[in-house]
$ cat coords-v7.pdb   # PDB, C-alpha atoms
ATOM      1  CA  MET A   1       0.000   0.000   0.000
ATOM      2  CA  LYS A   2       1.233   3.479  -0.888
ATOM      3  CA  THR A   3       0.421   6.451   1.332
ATOM      4  CA  ILE A   4       0.181   9.739  -0.566
ATOM      5  CA  ARG A   5      -0.429  13.221   0.807
ATOM      6  CA  LEU A   6      -0.165  15.437  -2.284
ATOM      7  CA  ILE A   7      -2.846  15.796  -4.964
ATOM      8  CA  ASN A   8      -0.488  15.964  -7.934
ATOM      9  CA  GLU A   9       1.402  12.878  -6.783
ATOM     10  CA  LEU A  10      -1.836  10.912  -6.488
ATOM     11  CA  GLN A  11      -3.066  12.026  -9.894
ATOM     12  CA  GLU A  12       0.212  11.153 -11.598
ATOM     13  CA  LEU A  13       0.089   7.657 -10.122
ATOM     14  CA  LEU A  14      -3.544   7.112 -11.089
ATOM     15  CA  ASP A  15      -2.976   8.478 -14.604
ATOM     16  CA  ARG A  16      -0.431   5.727 -15.192
ATOM     17  CA  SER A  17      -2.871   3.095 -13.943
ATOM     18  CA  LYS A  18      -5.688   4.370 -16.147
ATOM     19  CA  ARG A  19      -3.440   4.285 -19.212
ATOM     20  CA  ASP A  20      -3.174   0.562 -18.492
ATOM     21  CA  ASN A  21      -6.997   0.374 -18.483
ATOM     22  CA  GLN A  22      -7.176  -0.422 -14.769
ATOM     23  CA  THR A  23     -10.433   0.424 -13.029
ATOM     24  CA  VAL A  24     -10.405   2.503  -9.850
ATOM     25  CA  GLY A  25     -12.676   2.036  -6.843
ATOM     26  CA  PHE A  26     -12.806   4.872  -4.326
ATOM     27  CA  VAL A  27     -13.665   4.795  -0.614
ATOM     28  CA  PRO A  28     -13.818   8.324   0.887
ATOM     29  CA  THR A  29     -13.637   8.424   4.698
ATOM     30  CA  MET A  30     -12.862  10.721   7.602
ATOM     31  CA  GLY A  31     -10.737   8.033   9.221
ATOM     32  CA  PHE A  32     -10.902   6.289  12.582
ATOM     33  CA  LEU A  33     -11.741   3.208  10.571
ATOM     34  CA  HIS A  34     -14.080   0.449  11.682
ATOM     35  CA  GLU A  35     -15.771  -2.565  10.104
ATOM     36  CA  GLY A  36     -18.218  -0.331   8.235
ATOM     37  CA  HIS A  37     -15.398   1.357   6.334
ATOM     38  CA  LEU A  38     -13.696  -1.960   5.712
ATOM     39  CA  SER A  39     -16.889  -3.378   4.206
ATOM     40  CA  LEU A  40     -16.702  -0.566   1.635
ATOM     41  CA  VAL A  41     -13.151  -1.641   0.830
ATOM     42  CA  GLU A  42     -14.283  -5.250   0.516
ATOM     43  CA  HIS A  43     -16.872  -4.300  -2.094
ATOM     44  CA  ALA A  44     -14.396  -2.065  -3.933
ATOM     45  CA  ARG A  45     -11.742  -4.784  -3.918
ATOM     46  CA  LYS A  46     -14.074  -7.251  -5.638
ATOM     47  CA  GLU A  47     -15.108  -4.844  -8.373
ATOM     48  CA  ASN A  48     -11.962  -2.874  -9.296
ATOM     49  CA  ASP A  49      -8.304  -3.286 -10.166
ATOM     50  CA  ILE A  50      -7.165  -0.496  -7.829
ATOM     51  CA  VAL A  51      -8.702   0.640  -4.543
ATOM     52  CA  VAL A  52      -8.091   4.181  -3.315
ATOM     53  CA  MET A  53      -9.128   5.254   0.172
ATOM     54  CA  SER A  54      -9.023   8.843   1.354
ATOM     55  CA  ILE A  55      -8.788   9.905   4.986
ATOM     56  CA  PHE A  56      -9.677  13.543   5.466
ATOM     57  CA  VAL A  57     -11.575  15.127   8.343
ATOM     58  CA  ASN A  58     -13.311  17.771   6.286
ATOM     59  CA  PRO A  59     -13.566  21.105   8.121
ATOM     60  CA  ALA A  60     -16.046  22.431   5.559
ATOM     61  CA  GLN A  61     -18.824  20.165   6.824
ATOM     62  CA  PHE A  62     -18.516  21.065  10.518
ATOM     63  CA  GLY A  63     -20.554  23.990  11.764
ATOM     64  CA  PRO A  64     -19.867  26.305  14.725
ATOM     65  CA  GLY A  65     -19.772  24.371  17.975
ATOM     66  CA  GLU A  66     -19.596  20.988  16.268
ATOM     67  CA  ASP A  67     -16.971  18.374  17.008
ATOM     68  CA  PHE A  68     -14.271  19.013  14.367
ATOM     69  CA  GLU A  69     -11.411  19.169  16.861
ATOM     70  CA  ALA A  70     -12.854  16.321  18.932
ATOM     71  CA  TYR A  71     -13.448  14.060  15.941
ATOM     72  CA  PRO A  72     -11.432  10.880  16.652
ATOM     73  CA  ARG A  73      -8.209  10.410  14.692
ATOM     74  CA  ASP A  74      -5.673   7.572  14.613
ATOM     75  CA  GLU A  75      -3.703   7.671  11.383
ATOM     76  CA  GLN A  76      -1.269   4.880  12.263
ATOM     77  CA  HIS A  77      -4.026   2.429  13.160
ATOM     78  CA  ASP A  78      -6.071   3.476  10.126
ATOM     79  CA  ALA A  79      -3.124   2.792   7.811
ATOM     80  CA  LYS A  80      -2.695  -0.682   9.288
ATOM     81  CA  LEU A  81      -6.380  -1.550   8.840
ATOM     82  CA  ALA A  82      -6.485  -0.121   5.312
ATOM     83  CA  SER A  83      -3.436  -2.122   4.248
ATOM     84  CA  GLU A  84      -4.800  -5.347   5.722
ATOM     85  CA  ALA A  85      -8.142  -4.776   3.974
ATOM     86  CA  GLY A  86      -6.511  -4.483   0.565
ATOM     87  CA  VAL A  87      -6.327  -0.740  -0.071
ATOM     88  CA  ASP A  88      -3.736   0.013  -2.759
ATOM     89  CA  ILE A  89      -3.437   3.770  -2.269
ATOM     90  CA  LEU A  90      -4.168   5.684   0.938
ATOM     91  CA  PHE A  91      -4.645   9.404   0.310
ATOM     92  CA  ILE A  92      -4.217  11.533   3.446
ATOM     93  CA  PRO A  93      -4.137  15.233   2.536
ATOM     94  CA  ASP A  94      -4.106  18.023   5.093
ATOM     95  CA  PRO A  95      -6.585  20.934   4.958
ATOM     96  CA  ASP A  96      -4.094  23.280   3.292
ATOM     97  CA  GLU A  97      -3.598  20.756   0.494
ATOM     98  CA  MET A  98      -7.344  20.368  -0.062
ATOM     99  CA  TYR A  99      -8.302  24.012   0.452
ATOM    100  CA  PRO A 100      -5.308  26.201  -0.453
ATOM    101  CA  GLN A 101      -7.565  29.004  -1.733
ATOM    102  CA  ASP A 102     -11.186  30.060  -1.445
ATOM    103  CA  GLY A 103     -12.712  31.897  -4.377
ATOM    104  CA  GLY A 104     -16.130  32.029  -2.718
ATOM    105  CA  ILE A 105     -17.884  29.610  -5.100
ATOM    106  CA  GLN A 106     -20.471  27.499  -3.300
ATOM    107  CA  ILE A 107     -22.263  24.234  -4.054
ATOM    108  CA  LEU A 108     -25.789  24.111  -2.647
ATOM    109  CA  PRO A 109     -27.436  20.706  -2.146
ATOM    110  CA  GLY A 110     -31.067  21.702  -2.684
ATOM    111  CA  PRO A 111     -34.263  20.549  -0.930
ATOM    112  CA  GLN A 112     -32.893  17.127   0.043
ATOM    113  CA  ALA A 113     -30.726  18.914   2.631
ATOM    114  CA  SER A 114     -33.637  20.641   4.375
ATOM    115  CA  SER A 115     -34.790  17.621   6.392
ATOM    116  CA  LEU A 116     -33.219  15.035   8.730
ATOM    117  CA  CYS A 117     -29.660  16.051   9.694
ATOM    118  CA  GLY A 118     -29.733  19.026   7.353
ATOM    119  CA  ALA A 119     -32.575  20.676   9.256
ATOM    120  CA  THR A 120     -30.371  21.359  12.282
ATOM    121  CA  ARG A 121     -26.976  21.495  10.561
ATOM    122  CA  PRO A 122     -27.189  24.384   8.076
ATOM    123  CA  GLY A 123     -24.305  24.321   5.629
ATOM    124  CA  HIS A 124     -23.275  20.762   6.516
ATOM    125  CA  PHE A 125     -24.138  19.238   3.155
ATOM    126  CA  ASP A 126     -22.688  22.245   1.327
ATOM    127  CA  GLY A 127     -19.379  21.172   2.869
ATOM    128  CA  VAL A 128     -19.975  17.511   2.041
ATOM    129  CA  LEU A 129     -20.586  18.252  -1.640
ATOM    130  CA  LYS A 130     -17.600  20.580  -1.719
ATOM    131  CA  VAL A 131     -15.176  17.894  -0.575
ATOM    132  CA  VAL A 132     -16.865  15.108  -2.548
ATOM    133  CA  LEU A 133     -16.577  17.052  -5.798
ATOM    134  CA  LYS A 134     -12.924  17.798  -5.123
ATOM    135  CA  LEU A 135     -12.191  14.155  -4.302
ATOM    136  CA  PHE A 136     -14.051  12.887  -7.368
ATOM    137  CA  ASN A 137     -12.076  15.286  -9.555
ATOM    138  CA  ILE A 138      -8.788  14.316  -7.906
ATOM    139  CA  VAL A 139      -9.278  10.537  -7.994
ATOM    140  CA  ASP A 140     -11.592  10.240 -11.045
ATOM    141  CA  PRO A 141     -12.898   6.863  -9.839
ATOM    142  CA  ASP A 142     -14.955   4.416 -11.860
ATOM    143  CA  HIS A 143     -16.907   3.445  -8.739
ATOM    144  CA  SER A 144     -17.332   5.220  -5.403
ATOM    145  CA  TYR A 145     -18.556   3.417  -2.297
ATOM    146  CA  PHE A 146     -20.814   4.884   0.398
ATOM    147  CA  GLY A 147     -22.470   3.286   3.404
ATOM    148  CA  MET A 148     -26.223   3.428   3.825
ATOM    149  CA  LYS A 149     -25.977   4.499   7.479
ATOM    150  CA  ASP A 150     -25.512   8.066   6.221
ATOM    151  CA  ALA A 151     -28.627   7.727   4.072
ATOM    152  CA  GLN A 152     -29.274  11.447   3.597
ATOM    153  CA  GLN A 153     -25.689  12.010   2.510
ATOM    154  CA  LEU A 154     -25.980   9.070   0.123
ATOM    155  CA  ALA A 155     -29.200  10.395  -1.409
ATOM    156  CA  ILE A 156     -27.717  13.863  -1.925
ATOM    157  CA  ILE A 157     -24.524  12.506  -3.480
ATOM    158  CA  GLU A 158     -26.448  10.185  -5.796
ATOM    159  CA  THR A 159     -28.545  13.149  -6.943
ATOM    160  CA  PHE A 160     -25.441  15.330  -7.359
ATOM    161  CA  VAL A 161     -23.708  12.723  -9.521
ATOM    162  CA  ARG A 162     -26.837  12.209 -11.628
ATOM    163  CA  ASP A 163     -27.732  15.862 -12.140
ATOM    164  CA  PHE A 164     -24.202  17.059 -12.908
ATOM    165  CA  ASN A 165     -23.123  14.092 -15.054
ATOM    166  CA  LEU A 166     -20.198  13.135 -12.872
ATOM    167  CA  ARG A 167     -18.407  10.120 -14.260
ATOM    168  CA  THR A 168     -18.256   7.908 -11.193
ATOM    169  CA  LYS A 169     -20.908   5.318 -10.341
ATOM    170  CA  ILE A 170     -22.161   5.432  -6.742
ATOM    171  CA  VAL A 171     -22.369   2.033  -5.050
ATOM    172  CA  ARG A 172     -24.581   1.632  -1.966
ATOM    173  CA  VAL A 173     -23.182  -0.608   0.782
ATOM    174  CA  PRO A 174     -25.437  -1.825   3.641
ATOM    175  CA  THR A 175     -24.894  -0.578   7.189
ATOM    176  CA  ILE A 176     -22.544  -2.683   9.319
ATOM    177  CA  ARG A 177     -23.735  -3.219  12.875
ATOM    178  CA  GLU A 178     -22.462  -4.428  16.212
ATOM    179  CA  GLU A 179     -23.869  -7.740  17.453
ATOM    180  CA  ASP A 180     -26.467  -5.867  19.506
ATOM    181  CA  GLY A 181     -27.656  -3.875  16.486
ATOM    182  CA  LEU A 182     -25.919  -0.534  17.061
ATOM    183  CA  ALA A 183     -24.694   0.920  13.777
ATOM    184  CA  LYS A 184     -20.917   1.059  13.523
ATOM    185  CA  SER A 185     -19.684   4.643  13.806
ATOM    186  CA  SER A 186     -16.422   6.398  14.547
ATOM    187  CA  ARG A 187     -18.352   8.408  17.138
ATOM    188  CA  ASN A 188     -19.371   5.357  19.180
ATOM    189  CA  VAL A 189     -16.124   5.663  21.168
ATOM    190  CA  ASN A 190     -17.515   8.867  22.686
ATOM    191  CA  LEU A 191     -20.377   7.027  24.384
ATOM    192  CA  SER A 192     -20.102   6.373  28.109
ATOM    193  CA  ILE A 193     -20.333   2.776  29.314
ATOM    194  CA  GLU A 194     -23.942   3.327  30.346
ATOM    195  CA  GLU A 195     -24.857   5.029  27.067
ATOM    196  CA  ARG A 196     -23.266   2.246  25.030
ATOM    197  CA  LEU A 197     -25.404  -0.319  26.831
ATOM    198  CA  VAL A 198     -28.665   1.398  25.897
ATOM    199  CA  ALA A 199     -27.741   2.836  22.476
ATOM    200  CA  PRO A 200     -29.061  -0.279  20.633
ATOM    201  CA  ALA A 201     -32.534   0.959  21.614
ATOM    202  CA  ILE A 202     -32.273   3.261  18.594
ATOM    203  CA  GLN A 203     -32.234   0.446  16.071
ATOM    204  CA  LYS A 204     -34.847  -1.543  17.986
ATOM    205  CA  ALA A 205     -37.155   1.468  17.827
ATOM    206  CA  LEU A 206     -36.621   1.826  14.082
ATOM    207  CA  LYS A 207     -37.450  -1.848  13.589
ATOM    208  CA  ILE A 208     -40.714  -1.319  15.422
ATOM    209  CA  GLY A 209     -41.356   1.609  13.089
ATOM    210  CA  GLU A 210     -40.670  -0.636  10.097
ATOM    211  CA  GLU A 211     -43.203  -3.194  11.346
ATOM    212  CA  LEU A 212     -45.834  -0.493  11.859
ATOM    213  CA  PHE A 213     -45.128   0.897   8.377
ATOM    214  CA  HIS A 214     -45.807  -2.465   6.764
ATOM    215  CA  GLN A 215     -48.966  -2.759   8.873
ATOM    216  CA  GLY A 216     -50.211   0.395   7.190
ATOM    217  CA  LEU A 217     -50.206   2.854  10.096
ATOM    218  CA  GLN A 218     -50.105   6.579   9.402
ATOM    219  CA  VAL A 219     -46.770   8.377   9.231
ATOM    220  CA  GLU A 220     -47.492  10.481  12.324
ATOM    221  CA  GLU A 221     -48.373   7.401  14.392
ATOM    222  CA  ILE A 222     -45.189   5.600  13.352
ATOM    223  CA  VAL A 223     -42.968   8.582  14.111
ATOM    224  CA  GLU A 224     -44.582   9.072  17.518
ATOM    225  CA  GLU A 225     -44.129   5.430  18.479
ATOM    226  CA  VAL A 226     -40.478   5.326  17.392
ATOM    227  CA  ALA A 227     -39.762   8.470  19.408
ATOM    228  CA  ASN A 228     -41.523   7.018  22.443
ATOM    229  CA  GLN A 229     -39.489   3.814  22.193
ATOM    230  CA  ILE A 230     -36.204   5.737  22.091
ATOM    231  CA  THR A 231     -36.984   8.047  25.006
ATOM    232  CA  SER A 232     -38.394   5.205  27.110
ATOM    233  CA  ASN A 233     -35.334   3.010  26.682
ATOM    234  CA  SER A 234     -32.392   5.418  26.613
ATOM    235  CA  PRO A 235     -31.283   8.772  28.060
ATOM    236  CA  GLY A 236     -30.698  10.133  24.546
ATOM    237  CA  ARG A 237     -32.402  13.348  23.467
ATOM    238  CA  ILE A 238     -34.147  13.084  20.120
ATOM    239  CA  ASP A 239     -32.930  15.464  17.441
ATOM    240  CA  TYR A 240     -35.430  14.094  14.933
ATOM    241  CA  VAL A 241     -37.450  11.067  13.941
ATOM    242  CA  SER A 242     -38.756  11.228  10.375
ATOM    243  CA  LEU A 243     -40.426   9.015   7.797
ATOM    244  CA  LEU A 244     -39.924  10.245   4.238
ATOM    245  CA  ALA A 245     -39.870   9.056   0.640
ATOM    246  CA  TYR A 246     -36.413   7.870  -0.447
ATOM    247  CA  PRO A 247     -34.200   9.064  -2.066
ATOM    248  CA  SER A 248     -36.145  12.283  -2.716
ATOM    249  CA  LEU A 249     -36.506  12.913   1.057
ATOM    250  CA  LEU A 250     -39.869  14.518   0.358
ATOM    251  CA  PRO A 251     -42.958  13.825   2.493
ATOM    252  CA  TYR A 252     -43.941  10.199   2.107
ATOM    253  CA  THR A 253     -46.798   9.311  -0.235
ATOM    254  CA  THR A 254     -47.991   5.871  -1.239
ATOM    255  CA  ASP A 255     -46.629   6.164  -4.784
ATOM    256  CA  ALA A 256     -43.003   6.241  -3.510
ATOM    257  CA  ARG A 257     -40.989   3.125  -4.350
ATOM    258  CA  GLU A 258     -38.910   3.366  -1.167
ATOM    259  CA  ALA A 259     -39.319   5.023   2.215
ATOM    260  CA  ILE A 260     -36.838   5.822   4.953
ATOM    261  CA  ILE A 261     -37.435   5.971   8.667
ATOM    262  CA  ALA A 262     -34.502   7.793  10.216
ATOM    263  CA  CYS A 263     -33.482   9.372  13.484
ATOM    264  CA  ALA A 264     -30.725  11.280  15.231
ATOM    265  CA  VAL A 265     -30.234  10.961  18.971
ATOM    266  CA  LYS A 266     -27.966  13.133  21.118
ATOM    267  CA  PHE A 267     -26.092  11.647  24.034
ATOM    268  CA  GLU A 268     -23.839  13.612  26.371
ATOM    269  CA  LYS A 269     -20.774  13.752  24.095
ATOM    270  CA  THR A 270     -21.962  12.500  20.736
ATOM    271  CA  ARG A 271     -24.847  12.369  18.300
ATOM    272  CA  LEU A 272     -25.829   9.076  16.675
ATOM    273  CA  ILE A 273     -27.818   8.584  13.480
ATOM    274  CA  ASP A 274     -29.501   5.483  12.113
ATOM    275  CA  ASN A 275     -32.141   4.526   9.589
ATOM    276  CA  ILE A 276     -33.990   1.751   7.842
ATOM    277  CA  ILE A 277     -34.816   2.007   4.129
ATOM    278  CA  MET A 278     -38.008   0.170   3.309
ATOM    279  CA  SER A 279     -39.464  -1.056   0.037
ATOM    280  CA  THR A 280     -43.059   0.061  -0.452
ATOM    281  CA  LYS A 281     -43.766  -2.667  -3.007
ATOM    282  CA  GLY A 282     -43.764  -5.717  -0.774
TER     283      GLY A 282
END

$ encode --input "coords-v7.pdb" --output "structure tokens"
Amino acid sequence: MKTIRLINELQELLDRSKRDNQTVGFVPTMGFLHEGHLSLVEHARKENDIVVMSIFVNPAQFGPGEDFEAYPRDEQHDAKLASEAGVDILFIPDPDEMYPQDGGIQILPGPQASSLCGATRPGHFDGVLKVVLKLFNIVDPDHSYFGMKDAQQLAIIETFVRDFNLRTKIVRVPTIREEDGLAKSSRNVNLSIEERLVAPAIQKALKIGEELFHQGLQVEEIVEEVANQITSNSPGRIDYVSLLAYPSLLPYTTDAREAIIACAVKFEKTRLIDNIIMSTKG
């Protein structure tokens, strides 16, 4: 595995590979790797000649008072896991390399960013699209791999790639979970012992919501019951519980092919998100 920190060095290396008609799979991350990230690598490894992983804690997607400085980092351990998983090139730029200048041009994500996490994190998805576009232009991957845990991010990126004719194909990878159902997340390390014990209540509540959805209950009833289940079984404070059409993230109607029930729950030192995407056609 090669570790590269400079954009031009990475592009020169990938240009040589593409001249040899090798396909490139790309796994963008913010590091502090866990099994969820490694599952993305596993999919990329099966489908491409070369796997590139980026590790970059993107300051553009953190708002005032959010946890940019506290975001967990362990470059040495990440490099070990990436190498063992089969990553060929590990790209670890610093912020000055990624953002040496700012001409003031903005990328706005549209109505998909007005609900779920976007409702309380203004500007977050602007920053996500900013870094994603830069990374896609730098790596020029044939396939790019994203986990379904960040379902709103996935929906926005899929729409961005479609509407702006970006060359890469987005590949959805299912959420990886702990044995007790908690979604794998780099932020899980910030949970206290007590919080970690009850955090699986989030996914259990969503599963109840899924059952009620297939029983035909109204959206408001499902959302209320999921919220009640979370607050009754954990000390977490609900940021949101929502049931929407997917991937449009518009209010759910019965003609939608997929629906998402999603939530964000705040614990003392961290905020966890989770979701279930449901087929509406049986």

$ atom_distance --input "coords-v7.pdb" --atom1 "CA of Arg5 (chain A)" --atom2 "CA of Phe91 (chain A)"
5.7 Å

$ residues_around --input "coords-v7.pdb" --residues "region 198-213 of chain A" --least-positions-apart "2" --cutoff "10 Å" --atoms "all atoms listed in the file" --output "ChimeraX atom specification"
/A:177-183,188,191,193-196,215-219,221-236,241,243,259-265,267,272-278,280

$ residues_around --input "coords-v7.pdb" --residues "region 15-32 of chain A" --least-positions-apart "5" --cutoff "6 Å" --atoms "all atoms listed in the file" --output "ChimeraX atom specification"
/A:44,48-57,73-74,141-145,186

$ atom_distance --input "coords-v7.pdb" --atom1 "CA of Ala245 (chain A)" --atom2 "CA of Pro122 (chain A)"
21.2 Å

$ closest_residue --input "coords-v7.pdb" --among "A:Asp255, A:Asp150, A:Asp94, A:Asp78" --to "Val128 (chain A)" --atoms "all atoms listed in the file"
A:Asp150

$ resolve_selection --input "coords-v7.pdb" --expression "the PyMOL selection byres ((chain A and resi 146) around 10)" --output "PDB file with C-alpha atoms, in the coordinates of the input"
ATOM      1  CA  PHE A  26     -12.806   4.872  -4.326  1.00  0.00           C
ATOM      2  CA  VAL A  27     -13.665   4.795  -0.614  1.00  0.00           C
ATOM      3  CA  PRO A  28     -13.818   8.324   0.887  1.00  0.00           C
ATOM      4  CA  THR A  29     -13.637   8.424   4.698  1.00  0.00           C
ATOM      5  CA  GLY A  36     -18.218  -0.331   8.235  1.00  0.00           C
ATOM      6  CA  HIS A  37     -15.398   1.357   6.334  1.00  0.00           C
ATOM      7  CA  SER A  39     -16.889  -3.378   4.206  1.00  0.00           C
ATOM      8  CA  LEU A  40     -16.702  -0.566   1.635  1.00  0.00           C
ATOM      9  CA  SER A 144     -17.332   5.220  -5.403  1.00  0.00           C
ATOM     10  CA  TYR A 145     -18.556   3.417  -2.297  1.00  0.00           C
ATOM     11  CA  GLY A 147     -22.470   3.286   3.404  1.00  0.00           C
ATOM     12  CA  MET A 148     -26.223   3.428   3.825  1.00  0.00           C
ATOM     13  CA  LYS A 149     -25.977   4.499   7.479  1.00  0.00           C
ATOM     14  CA  ASP A 150     -25.512   8.066   6.221  1.00  0.00           C
ATOM     15  CA  ALA A 151     -28.627   7.727   4.072  1.00  0.00           C
ATOM     16  CA  GLN A 153     -25.689  12.010   2.510  1.00  0.00           C
ATOM     17  CA  LEU A 154     -25.980   9.070   0.123  1.00  0.00           C
ATOM     18  CA  ILE A 157     -24.524  12.506  -3.480  1.00  0.00           C
ATOM     19  CA  GLU A 158     -26.448  10.185  -5.796  1.00  0.00           C
ATOM     20  CA  ILE A 170     -22.161   5.432  -6.742  1.00  0.00           C
ATOM     21  CA  VAL A 171     -22.369   2.033  -5.050  1.00  0.00           C
ATOM     22  CA  ARG A 172     -24.581   1.632  -1.966  1.00  0.00           C
ATOM     23  CA  VAL A 173     -23.182  -0.608   0.782  1.00  0.00           C
ATOM     24  CA  PRO A 174     -25.437  -1.825   3.641  1.00  0.00           C
ATOM     25  CA  THR A 175     -24.894  -0.578   7.189  1.00  0.00           C
TER      26      THR A 175
END

$ resolve_selection --input "coords-v7.pdb" --expression "the PyMOL selection byres ((chain A and resi 118) around 12)" --output "ChimeraX atom specification"
/A:61-63,108-117,119-128,150-153,156,239-240,249,264

$ closest_residue --input "coords-v7.pdb" --among "A:Asp140, A:Glu35, A:Asp67, A:Glu75" --to "Pro93 (chain A)" --atoms "all atoms listed in the file"
A:Glu75

$ closest_residue --input "coords-v7.pdb" --among "A:Pro247, A:Pro64, A:Gly104, A:Gly86" --to "His43 (chain A)" --atoms "all atoms listed in the file"
A:Gly86

$ residues_around --input "coords-v7.pdb" --residues "Lys2 (chain A)" --least-positions-apart "6" --cutoff "8 Å" --atoms "all atoms listed in the file" --output "PyMOL selection string"
chain A and resi 88-90

$ write_last_selection --input "coords-v7.pdb" --atoms "C-alpha atoms" --output "short mmCIF file (atom, residue, chain, number, x, y, z; two decimals), in the coordinates of the input"
data_model
loop_
_atom_site.label_atom_id
_atom_site.label_comp_id
_atom_site.auth_asym_id
_atom_site.auth_seq_id
_atom_site.Cartn_x
_atom_site.Cartn_y
_atom_site.Cartn_z
CA ASP A 88 -3.74 0.01 -2.76
CA ILE A 89 -3.44 3.77 -2.27
CA LEU A 90 -4.17 5.68 0.94
#

$ atom_distance --input "coords-v7.pdb" --atom1 "CA of Glu268 (chain A)" --atom2 "CA of Glu66 (chain A)"
13.2 Å

$ closest_residue --input "coords-v7.pdb" --among "A:Ser83, A:Gln76, A:Asn137, A:Asn58" --to "Leu10 (chain A)" --atoms "all atoms listed in the file"
A:Asn137
